[in-house]
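For reference, the structure discussed in these notes is given below.
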Amino acid sequence: MARKDELGEWGERVAGEFLEANGYVILDRRWRCARGEIDIVARFGTTVAVVEVKTRRSVRFGHPLEAVTPAKFARLRALAGEWCVGHDTGSRQLRIDAIGIVGDGKFVESLDHRIGVFA
Amino acid sequence: MSIGRTRSIALSGLGGRFVDIEVDIAAGLPALVLIGLPDTSLGEAKDRVRSAITNSGFAMPPTRVTVNLSPASVPKQGSGFDLAIALAILAGTGAVPADSVAGCVHLGELALDGRLRPIAGILPAVVAARDAGATRVMVPWGNRAEGELVPDVTVIAVASLAGAACEHGANVVAGDVDPIEAPVEPGVVSSSVDLADIVGQPDLVDALIVAAAGGHHVLMVGPPGAGKTMLAERLAAILPDLDTDDAVDVTSVASLTRVAHTSRLITRPPFIAPHHTATSVAMVGGGSGVIRPGAISQAHGGVLFLDEAPEFSSAVLDALRQPLESGDIVIHRAAQSARFPARIHLVLAANPCPCGRAGSADSTCECTPDKRRRYLARLSGPIRDRIDMRLAVERVSRATVFDSDSPRVTTTVARERVTSARAAAIERWGRTRPDATELRTGRFRLAPATVRAIDAALDRGAITMRGYDRIIRIAWTLADCAGTTTPTPEHVGRAYFLRQGVAS
């Protein structure tokens, strides 16, 4: 496994722990369909959050969330719709979140949870 | 989350108004969004501001940054909002004290390395800011001399974004930067033309002085090489220096047309001679997007010289009619309108016929009478009616050219005569050009005996009412030049001759 994939997997684990610690229930991880992959799907009360996780070792090349471009965000919206088709959660609201993590695979330098983003 | 605010100026013509710049730094994916009717060059401000902020030792917030330029209905153009946008963002993040930024007007374009580039139109923008009540204006270092021409406002010149932040009390090291200077214009050669260069045309020199004293529009008709251009250039030279208000207007128009090092007000009347291929837009101003001043506004306070006037397209010439009467020009476009000053001294030059030889001594003109008539008829009636003086310029003979004994009037002497004649007019009327009605009624009305000749001409239909008014105006100028208190019948007669001098 490539180093960057290892870092990404670590970041998704950290994000999952962070969400659970904040009262979210993880419904799905790494959910795949023909159009792409959702990192985490979590429920908080009656809201389902589709969470994109971005991890970088440093901010030398910009903040990790700067990599969530409008094109990527548009794809995330479509994927969120696809996920809902196969899962009846009984929830009323759907939200897209982004979590940006700066860390080296062991220690978390910073973690940003942006709730309900739009681009 | 947090809001940063500041102000800048959007120019429209020579006027300007405040633009409030609000920055909202909100949770969301990193993005810089610019709203409020920006044009393309302003839309690109996003990329300049982002680079300048990071290269000045600040961090661009990794969140959603919304920049709103208000009022949204005012079209905004150009790169002059960069500094204001960058400082409002930094005020929003807390890197720079928000109170200080909000209380100052900011003008200037950012370079990618964070330095400030000089922009065009600083003088009218600073004047507009002051008139709208601003007390502090921050301008690029390269524009400092131009900004400091405006009294009653504190102009702060800064070389870089970091320097601007320091000025507002931010905790940042500005460091030494190499400031970007405005390009220095190739030295304006102080006009070396002198009225004394003109030989053998004493009548024309006198007429020129009268034209300068009264601000009368002139048409010169004569064969090529008779000295029409030479005379026109010297007309600008014998006009007195501009007063302060006019100097600010002239310098402001010049400031709008280019970015250049301006360290003092332009005090000499401009001389603008557009080529006869000029379009209406080049003449009166306009353009898509940015409305720019045309030749008529660049000649404000000075001479607009149209050589080969019949070669200009008639639409271009007729576009001059309205500004000649009103002294300014308002240009309307779908999105906005702009007002520019346009009080000009119009000087037209024309050959008597297409080949130019009609009426000369050798008389080798081959133009048919019809061709000749049509040539001068290209100057439409309304334009000709607005011309006060029509002068026939003849070629000078060899004898007069080399007759060095004849007395000649120098520019200095002529300018003194013009200045004293204008002073007399201002003392009488309070300004140099009175209303026509003022001259026809009340105490300035001339005695019937004085105006008998032109009354008869008016009755015959030989002159229009406008022409009548203009003759009276010239007569007053002649009286002022001669130092008499009211025009005599001879002055009126001479004025009639100057106006009708060339059959057309």
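Each chain of the structure tokens is named A, B, ... in the order shown, its residues numbered from 1; ligands are numbered from 1 in display order.
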Please, which residues of chain A, numbered as in this document, come out alpha helix (DSSP H) from DSSP, as a ChimeraX atom specification? /A:3-21,70-86
Could you write out that same residue set with C-alpha atoms as a PDB file, in the first residue's frame?
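Dumped to part-v6.pdb:
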```
ATOM      1  CA  ARG A   3       2.255   5.862   1.789  1.00  0.00           C
ATOM      2  CA  LYS A   4      -0.414   8.334   0.748  1.00  0.00           C
ATOM      3  CA  ASP A   5      -3.105   5.673   0.950  1.00  0.00           C
ATOM      4  CA  GLU A   6      -1.906   4.707   4.409  1.00  0.00           C
ATOM      5  CA  LEU A   7      -2.129   8.327   5.500  1.00  0.00           C
ATOM      6  CA  GLY A   8      -5.608   8.649   4.008  1.00  0.00           C
ATOM      7  CA  GLU A   9      -6.817   5.509   5.802  1.00  0.00           C
ATOM      8  CA  TRP A  10      -5.359   6.772   9.074  1.00  0.00           C
ATOM      9  CA  GLY A  11      -7.102  10.112   8.547  1.00  0.00           C
ATOM     10  CA  GLU A  12     -10.439   8.422   7.950  1.00  0.00           C
ATOM     11  CA  ARG A  13      -9.984   6.391  11.163  1.00  0.00           C
ATOM     12  CA  VAL A  14      -9.213   9.549  13.121  1.00  0.00           C
ATOM     13  CA  ALA A  15     -12.240  11.275  11.603  1.00  0.00           C
ATOM     14  CA  GLY A  16     -14.490   8.342  12.486  1.00  0.00           C
ATOM     15  CA  GLU A  17     -13.289   8.375  16.107  1.00  0.00           C
ATOM     16  CA  PHE A  18     -13.818  12.108  16.227  1.00  0.00           C
ATOM     17  CA  LEU A  19     -17.399  11.799  14.937  1.00  0.00           C
ATOM     18  CA  GLU A  20     -18.271   8.990  17.329  1.00  0.00           C
ATOM     19  CA  ALA A  21     -16.843  10.963  20.242  1.00  0.00           C
ATOM     20  CA  PRO A  70     -16.199  22.649  -6.686  1.00  0.00           C
ATOM     21  CA  ALA A  71     -15.972  19.695  -9.127  1.00  0.00           C
ATOM     22  CA  LYS A  72     -15.245  17.277  -6.301  1.00  0.00           C
ATOM     23  CA  PHE A  73     -18.066  18.758  -4.264  1.00  0.00           C
ATOM     24  CA  ALA A  74     -20.495  18.293  -7.137  1.00  0.00           C
ATOM     25  CA  ARG A  75     -19.538  14.624  -7.346  1.00  0.00           C
ATOM     26  CA  LEU A  76     -20.027  14.285  -3.602  1.00  0.00           C
ATOM     27  CA  ARG A  77     -23.579  15.586  -3.934  1.00  0.00           C
ATOM     28  CA  ALA A  78     -24.350  13.031  -6.600  1.00  0.00           C
ATOM     29  CA  LEU A  79     -22.864  10.239  -4.519  1.00  0.00           C
ATOM     30  CA  ALA A  80     -24.923  11.315  -1.520  1.00  0.00           C
ATOM     31  CA  GLY A  81     -28.030  10.886  -3.656  1.00  0.00           C
ATOM     32  CA  GLU A  82     -26.929   7.425  -4.795  1.00  0.00           C
ATOM     33  CA  TRP A  83     -26.313   6.351  -1.212  1.00  0.00           C
ATOM     34  CA  CYS A  84     -29.828   7.421  -0.188  1.00  0.00           C
ATOM     35  CA  VAL A  85     -31.389   5.247  -2.911  1.00  0.00           C
ATOM     36  CA  GLY A  86     -30.081   2.072  -1.299  1.00  0.00           C
TER      37      GLY A  86
END
```
Return as JSON lines the residues of chain B lying at most 10 Å from chain A, together with the closest atom-to-atom pair for each and the distance in Å to one decimal, counting only C-alpha atoms, with rows in chain order and ascending residue number.
```
{"residue": "B:Ala27", "atom": "CA", "partner": "A:Arg114", "partner_atom": "CA", "distance": 6.3}
{"residue": "B:Gly28", "atom": "CA", "partner": "A:Val117", "partner_atom": "CA", "distance": 4.8}
{"residue": "B:Leu29", "atom": "CA", "partner": "A:Val117", "partner_atom": "CA", "distance": 6.1}
{"residue": "B:Pro30", "atom": "CA", "partner": "A:Glu66", "partner_atom": "CA", "distance": 5.4}
{"residue": "B:Ala31", "atom": "CA", "partner": "A:Ala119", "partner_atom": "CA", "distance": 7.8}
{"residue": "B:Val33", "atom": "CA", "partner": "A:Ala119", "partner_atom": "CA", "distance": 9.8}
{"residue": "B:Met60", "atom": "CA", "partner": "A:Gly62", "partner_atom": "CA", "distance": 9.6}
{"residue": "B:Pro61", "atom": "CA", "partner": "A:His63", "partner_atom": "CA", "distance": 9.3}
{"residue": "B:Pro62", "atom": "CA", "partner": "A:His63", "partner_atom": "CA", "distance": 6.3}
{"residue": "B:Thr63", "atom": "CA", "partner": "A:Leu65", "partner_atom": "CA", "distance": 8.4}
{"residue": "B:Arg64", "atom": "CA", "partner": "A:Ala119", "partner_atom": "CA", "distance": 8.7}
```
Given the selection you just returned, output its residues as a file containing C-alpha atoms, formatted as a PDB file, in the first residue's frame.
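Full text of again.pdb as output:
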```pdb
ATOM      1  CA  ALA B  27     -17.340  28.175   7.752  1.00  0.00           C
ATOM      2  CA  GLY B  28     -17.260  26.204   4.531  1.00  0.00           C
ATOM      3  CA  LEU B  29     -14.922  24.829   1.965  1.00  0.00           C
ATOM      4  CA  PRO B  30     -11.993  27.114   1.137  1.00  0.00           C
ATOM      5  CA  ALA B  31     -13.153  29.528  -1.519  1.00  0.00           C
ATOM      6  CA  VAL B  33     -16.112  34.517  -3.836  1.00  0.00           C
ATOM      7  CA  MET B  60      -5.373  33.222   3.599  1.00  0.00           C
ATOM      8  CA  PRO B  61      -8.158  31.820   5.794  1.00  0.00           C
ATOM      9  CA  PRO B  62      -8.864  28.176   4.743  1.00  0.00           C
ATOM     10  CA  THR B  63     -12.604  28.823   4.798  1.00  0.00           C
ATOM     11  CA  ARG B  64     -15.260  30.350   2.641  1.00  0.00           C
TER      12      ARG B  64
END
```
Using only C-alpha atoms, can you tell me which of B:Ser297, B:His217, B:Asn351, B:Glu416 comes closest to Asp241 in chain B?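 For Asp241 in chain B, the nearest of the given residues is B:Glu416.
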Rank B:Thr368, B:Thr410, B:Thr66, B:Thr257 by their smallest atom-to-atom distance to Pro354 in chain B, using only C-alpha atoms, and report the top residue only. B:Thr368
Among range 86-182 of chain B, which residues does DSSP mark as strand (DSSP E) when it is run on the backbone? Keep the chain and numbering as in the structure and answer as an MDAnalysis selection string. chainID B and resid 105:106 109:110 116:117 136:140 154:158
Those residues with C-alpha atoms, as a PDB file, in the first residue's frame please?
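For reference, again_22.pdb as written:
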```
ATOM      1  CA  VAL B 105     -10.388  54.607   1.978  1.00  0.00           C
ATOM      2  CA  HIS B 106      -8.064  52.273   0.072  1.00  0.00           C
ATOM      3  CA  GLU B 109      -3.575  47.336  -7.355  1.00  0.00           C
ATOM      4  CA  LEU B 110      -1.629  44.486  -5.740  1.00  0.00           C
ATOM      5  CA  LEU B 116       1.374  47.969  -4.596  1.00  0.00           C
ATOM      6  CA  ARG B 117       1.177  49.105  -8.179  1.00  0.00           C
ATOM      7  CA  ARG B 136      -7.856  59.233   5.326  1.00  0.00           C
ATOM      8  CA  VAL B 137      -7.000  57.754   1.944  1.00  0.00           C
ATOM      9  CA  MET B 138      -4.354  55.096   1.398  1.00  0.00           C
ATOM     10  CA  VAL B 139      -2.728  55.127  -2.059  1.00  0.00           C
ATOM     11  CA  PRO B 140       0.129  53.233  -3.737  1.00  0.00           C
ATOM     12  CA  THR B 154      -4.716  62.794   4.789  1.00  0.00           C
ATOM     13  CA  VAL B 155      -3.068  60.783   2.030  1.00  0.00           C
ATOM     14  CA  ILE B 156      -1.038  57.802   3.211  1.00  0.00           C
ATOM     15  CA  ALA B 157       1.288  56.286   0.617  1.00  0.00           C
ATOM     16  CA  VAL B 158       2.306  52.684   1.177  1.00  0.00           C
TER      17      VAL B 158
END
```
As a PyMOL selection string, please: the residues near Ala120 in chain B (cut-off 6 Å, only C-alpha atoms, same-chain neighbours under 2 positions excluded). chain B and resi 122+255-256+258-259
Applying 7 Å and only C-alpha atoms, which residues near Ile291 in chain B remain after dropping the ones on its own chain fewer than 3 positions away? List them as a ChimeraX atom specification. /B:13,285-288,338
Would you save the residues from that selection as a PDB file, in the first residue's frame, using N, CA and C atoms?
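Saved the output as part.pdb:
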```
ATOM      1  N   GLY B  13     -16.681  58.729 -15.029  1.00  0.00           N
ATOM      2  CA  GLY B  13     -16.298  60.055 -15.498  1.00  0.00           C
ATOM      3  C   GLY B  13     -15.285  60.618 -14.526  1.00  0.00           C
ATOM      4  N   GLY B 285     -15.561  60.714 -26.219  1.00  0.00           N
ATOM      5  CA  GLY B 285     -15.381  59.801 -25.099  1.00  0.00           C
ATOM      6  C   GLY B 285     -16.348  58.646 -25.192  1.00  0.00           C
ATOM      7  N   GLY B 286     -16.067  57.601 -24.440  1.00  0.00           N
ATOM      8  CA  GLY B 286     -16.937  56.430 -24.457  1.00  0.00           C
ATOM      9  C   GLY B 286     -16.110  55.178 -24.372  1.00  0.00           C
ATOM     10  N   GLY B 287     -16.580  54.123 -25.028  1.00  0.00           N
ATOM     11  CA  GLY B 287     -15.893  52.843 -24.938  1.00  0.00           C
ATOM     12  C   GLY B 287     -16.756  51.870 -24.165  1.00  0.00           C
ATOM     13  N   SER B 288     -16.508  50.595 -24.392  1.00  0.00           N
ATOM     14  CA  SER B 288     -17.315  49.602 -23.685  1.00  0.00           C
ATOM     15  C   SER B 288     -16.682  49.339 -22.331  1.00  0.00           C
ATOM     16  N   ALA B 338     -21.497  58.887 -17.593  1.00  0.00           N
ATOM     17  CA  ALA B 338     -20.326  59.563 -17.037  1.00  0.00           C
ATOM     18  C   ALA B 338     -20.293  60.987 -17.561  1.00  0.00           C
TER      19      ALA B 338
END
```
Report the distance between CA of Val48 in chain A and CA of Arg29 in chain A in Å, rounded to one decimal place.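 For CA of Val48 in chain A relative to CA of Arg29 in chain A, the distance reads 13.3 Å.
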